[in-house]
Structure formats: structure tokens, C-alpha cells
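Beneath this line is the structure, given in C-alpha cells, with notes to follow.
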Amino acid sequence: MFNKILIANRGEIAVRIIRACKEMGIASVAVYSEADREAMHTRLADQAVCIGPAPSNLSYLNIPAIMAAAEITDAEAIHPGYGFLAENAEFADIVQTSGYTWIGPSPESMRIMGDKVSAKNKMREAGVPLVPGSDGAVTDLEDAKRIAHKAGYPVIIKASAGGGGRGMKVVHSDPALASAISMCQSEAAAAFGNDMVFIEKFLEEPRHIEVQVLGDTHGNIVHLFERECSMQRKNQKVLEEAPSPFVDEKTRKAICDAGVAAAAAVNYVGAGTIEFLMNPDKSFYFIEMNTRIQVEHPVTEWISGVDLIEWQIRVANGEKLAFKQSDIKMKGHAIECRINAEHPFKFTPSPGTISLYHAPGGRSVRMDSAIYSGYSIPPFYDSMIGKVITHARDRQKCIRRMQRAIDELAIIGITTNQELHRRLLANAAFQSGDFNIHFLERWLKEMNA
Ligand code: ADP
């Protein structure tokens, strides 16, 4: 096993990885920006190296500084967490060619899946269902019209290199098509340096269901069931759960098998997520693969009993998965609420100093965060400051447990979105499982009206 791992990240995910290293007897190296001198990950790791000023492009995205930190600390492997450089195939390449182990999939699988058009081509070959639309990039307006008519309006124009919910446009009729395509192209060129766009049918009332997969270097790939992440605002997930309250046994088998087929098509190694949209009739379509650990991984850990970060590290070290698909059993229900430093209904960011922090506890409650009493949240990074995760034998009990955990959580000195979670957990549609990806935004609009 590795003696030492460098964690190229910050916040709760860096802390999560440091904790796994400690439990595995592996030394950890944190990297931090000047704004993160007092951060939890800087304090918890065995060693910490400053890699630059506060802005991410000068620190957490600064590849030469991170590689220098690995060299001076004699780290053997690099874990990228999520965000920052986690899906940057060039970084993975540099890590490997510099003689370190990359805790993630091969740069080759990252490249295929990182581009939506090439990912969809690969999925078509593998027989994974795709949203009807263009077979590849669209450049010609007449072509685009033909495709839109065949799929039927509304359609969505998406940037092949897009991510984080950016570079997408919904179009309802022919006259709007040309300008939407050119807008999407120029936005994508500016944001991602690649103006390739494609067309998909816009599914009107879908749910977001994703499948967690885990592969080793010996050709074994298993799934760890699905997660439902339909509670979104501006394409950002707010609350996730596993299993999905909408998915029955037959659909579960079909979507999880599709997830494994998708991962196998790119010889996937490590933890990855295949995202699908599911229609009310339970038909489902691949939208993209995230080639990294995800924020919402704890809900899967809880229902499957598998420590995903530990297994990312083990398979990166060449170990075989110690379980077969038939060994993995789903147990109970898990929910995650993302805690953001922002106004619960206006969504304005609220950085500042936490004068007092009290984490919820008790049976089957997990708090993953990087905050503490007296900690000042820097204004430079993501507003997500932690995650409350609960587990119970069934969904209803899990919701009750989450309600009492959210009530117990005290973060004084800044504004958080706790009140949003409190109201959402009490909402009848949420409680009955009757919602889709538009639910949260429509509900917020009603509340503000
Ligand atoms: P990103 O990489 O930016 O996250 P995705 O392809 O994963 O882009 O899409 C993000 C979100 O956009 C989805 O979760 C869904 O809410 C919406 N979306 C994407 N494609 C479609 C589609 N064909 N129909 C309806 N909604 C879509």
C-alpha cells in the first residue's frame, strides 16, 4: 500500500480523504492556498504545503505547484477529490508520467467521457440508451432543423465540452433554433475553448437518477445501486438519496446494468457515476459520466456498506475488488442534505466567521464538513460547507431522522440553507416521492410569489 498520499483539494472532500488515509495507515499531505492556512484539511493532514494565493487558478488549479508539493513531501499517489482538477485528463497524465499514482481512472477514459459527443458515441456502441437527438456535433442549420423535427420540440442545445450546468439552451421552435445554436457555440468557445454543440430532445418532466460504479485494474466492474438527485436548483444538486423512491426492482436492474455496460465500454477503473434522466414511464437515457468521486457518495456508502474512498485508493494500488456484484446488498435508505453558506431562499452567498458550530449526532447520522467554531469561510470557493447524511431502515424513518438532524445542527455567525432543507423535508410532494428535476425551482417560485 502507499506510504503517503497527496490530496489536491480542500474543504469537506479533502477532510474525507484524509480520514480514509488515517484509517488505512497512510500518511496524508494537504495542499492549501494562502486563504486556507487555518482550514480543517490543512490542520488535519500529517503534512501541509502552501501552493499559492487564494484564487483557485493560482493554487488548487496550479499544476506545477501541486507537483512540486508532491515531490518535496515524497508522496506516492495523488487524490484529486471532486471539482478543481479531478476531471482534467492532462493533470492525470502529468501525475502518471511524473511517476506518481493517479487515484482515478485512466486519462484515456477521462478524455472519452469528458467530451459529451465522444461519450455519447461510445455509449451508442455499448448499447446504452441515449436521449434522441443528433448523432454527433451539429454545424449546419438545415441539419439541425431536421434533427429537431425528428426528435420533436422542445429540444436542448448542449456544448460537447460543457459542465456544471453551463452551455445549454432549450429551444421550442424553428425560428429560435439558429440563434440558440450560435449563442451556445460562442458561449462554449469562450468558457471551454471548444465550440462543438449537439442537440437532444428536451425531456419535460424527467428525474435525475445516477448509478455508482466501481472498477479495478483486473477488469472487474460492479455497481453500487442508484442515487436520485432530482432536487436541483440551477442544475446544482441540493438533496440526494439512495435508493430512488421512484425506481422499482426491474428498473433498478436495467439502469444499473446499463451503468456497468457504460463503465466497461471505457475500461473504467475506480469510482465513477453514470448520470441518466428517467421519464415518468421509467424509460431512461444516458446524459453523462462523472469520472471521479461525487459529493453525494456517502448515501451510496451507507446503503451498500462499501467505503468508496478506501476502494478508490485500493484499486489505484492495483488491488482486486474484494466483492462480486452478488455480494453487494442494499440495506435501508439514506439521504444527504447539502449545507451551503447562503441565504436559504435568496441564495446570496454568506461567507464570514462561524462563531459557534454544533454538529448533529446520534444513531445513523453522519456529518461531513470542514468547519469548526471560530472558522472563517473564505469568499473564494464553493458555498457548500458540509453535508448531513442520515440512514434508516426505510425512507420515512430516514426523513424523520434527517429532520431531527437538521434541527440539531447549529451554525451561528453566518447564514446557511438549513431552513430550505427544513421546509423541503416537510413538503408533501417530497415525502411522497412525487417530484422531478423541476420540482424545487417551481416550489421556490411559488413560495416567493
Ligand atoms: P452538466 O455536465 O453541465 O452537468 P448534464 O448533461 O449533466 O450537464 O445536464 C445537467 C442537467 O441539465 C441535468 O441534470 C438536467 O437537469 C438537465 N438536462 C440535461 N439534458 C437534458 C435533456 N435532454 N432534457 C431535459 N433536461 C436536461
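Chain lettering (A, B, ...) mirrors the order of the C-alpha cells, residue numbering begins at 1 for each chain separately, and ligand numbering begins at 1 in order of display.
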Give the helix (DSSP H, G or I) residues of region 149-328 of chain A, as assigned by DSSP on the backbone, as a ChimeraX atom specification. /A:149-151,174-192,249-265,297-304,308-316,325-327
How would you report the residues lying within 7 Å of ligand 1, as a ChimeraX atom specification, if you count only C-alpha atoms and all ligand atoms? /A:131,156,162-166,200-204,206,208,235,275,287-288,437
Between CA of Lys4 (chain A) and CA of Ala48 (chain A) lies a distance of 12.3 Å
Under the rule that only C-alpha atoms are counted, which of A:Met330, A:Ile354, A:Ala392, A:Ala39 is the nearest residue to Ala410 (chain A)?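 The closest residue to Ala410 (chain A) is A:Ile354.
The gap separating CA of Arg395 (chain A) from CA of Ile303 (chain A) is 11.6 Å, in Å to one decimal.
DSSP annotation of region 304-338 of chain A from backbone atoms: strand (DSSP E) residues are His333, Ala334, Ile335, Glu336, Cys337 and Arg338 of chain A.
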What does the distance between CA of Lys331 (chain A) and CA of Cys398 (chain A) come to in Å, to one decimal place? 12.3 Å
Give me, as a PyMOL selection string, all polymer residues having an atom no more than 12 Å from Glu125 (chain A), counting only C-alpha atoms and skipping those fewer than 2 positions away in the same chain. chain A and resi 118-123+127-130+135+261-262+264-266
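Proximity ranking of A:Phe380, A:Phe439, A:Phe2, A:Phe91 relative to Ala27 (chain A) places A:Phe2 first, based on only C-alpha atoms.
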So that I can see what lies close to His438 (chain A), please list as a count of residues only the residues with an atom at most 10 Å from it, counting only C-alpha atoms and leaving out residues fewer than 2 positions away in the same chain. 16
Could you pull the residues within 9 Å of Ala89 (chain A), counting only C-alpha atoms, minus those fewer than 4 positions along the same chain, as a ChimeraX atom specification? /A:85,93-94,106-111,114
Output file for the selection above: N, CA, C and O atoms, as a compact mmCIF listing (two decimals), in the first residue's frame:
```
# COMPACT_ATOMS: atom_id res chain seq x y z
N LEU A 85 -9.19 19.87 -10.22
CA LEU A 85 -8.52 19.15 -11.31
C LEU A 85 -9.00 17.71 -11.49
O LEU A 85 -8.43 16.94 -12.27
N ASP A 93 -2.47 12.78 -16.65
CA ASP A 93 -1.31 12.40 -17.47
C ASP A 93 0.00 12.85 -16.82
O ASP A 93 0.96 12.08 -16.73
N ILE A 94 0.01 14.11 -16.38
CA ILE A 94 1.23 14.67 -15.76
C ILE A 94 1.57 13.90 -14.49
O ILE A 94 2.73 13.56 -14.24
N SER A 106 -8.15 6.02 -15.98
CA SER A 106 -7.06 6.35 -16.91
C SER A 106 -7.40 7.67 -17.60
O SER A 106 -8.57 8.00 -17.82
N PRO A 107 -6.37 8.45 -17.97
CA PRO A 107 -6.61 9.70 -18.71
C PRO A 107 -7.43 9.42 -19.98
O PRO A 107 -8.25 10.24 -20.38
N GLU A 108 -7.23 8.25 -20.56
CA GLU A 108 -7.95 7.85 -21.78
C GLU A 108 -9.46 7.78 -21.50
O GLU A 108 -10.26 8.36 -22.23
N SER A 109 -9.88 7.09 -20.42
CA SER A 109 -11.33 7.05 -20.12
C SER A 109 -11.85 8.44 -19.77
O SER A 109 -12.98 8.78 -20.09
N MET A 110 -11.01 9.24 -19.09
CA MET A 110 -11.44 10.59 -18.74
C MET A 110 -11.68 11.42 -20.00
O MET A 110 -12.63 12.21 -20.07
N ARG A 111 -10.82 11.24 -21.00
CA ARG A 111 -10.95 12.03 -22.23
C ARG A 111 -12.22 11.67 -22.99
O ARG A 111 -12.95 12.55 -23.43
N GLY A 114 -15.16 12.86 -20.92
CA GLY A 114 -15.15 14.30 -20.67
C GLY A 114 -15.73 15.12 -21.80
O GLY A 114 -16.08 16.28 -21.62
```
Pick from A:Gln325, A:Gln236, A:Thr348, A:Gln212 nearest to Met289 (chain A), counting only C-alpha atoms: A:Gln212
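Neighbouring residues of region 243-249 of chain A at 7 Å or closer, counting only C-alpha atoms and skipping chain neighbours under 3 positions away, are Glu226, Arg227, Glu228, Arg252, Lys253, His333 and Gly433 of chain A.
You can rank A:Thr251, A:Ser59, A:Asn3, A:Gln96 by their closest distance to Thr73 (chain A) using only C-alpha atoms, and at the top of that list sits A:Asn3.
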Just want the 8 Å neighbourhood of Glu336 (chain A), counted on only C-alpha atoms, with same-chain residues fewer than 4 positions away dropped. Output as a list in words.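 Contacts, with the query itself left out: Leu239, Glu240, Glu241, Glu296, Pro298, Val299, Lys387, Val388, Ile389 and Thr390 of chain A.
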Residue nearest Ile63 (chain A) - candidates A:Ala45, A:Ala180, A:Ala86, A:Val170, atoms counted: only C-alpha atoms: A:Ala86
Using only C-alpha atoms, which of A:Leu308, A:Met447, A:Ala370, A:Leu425 sits nearest Leu321 (chain A)?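 Distance minimum relative to Leu321 (chain A) lands on A:Leu308.
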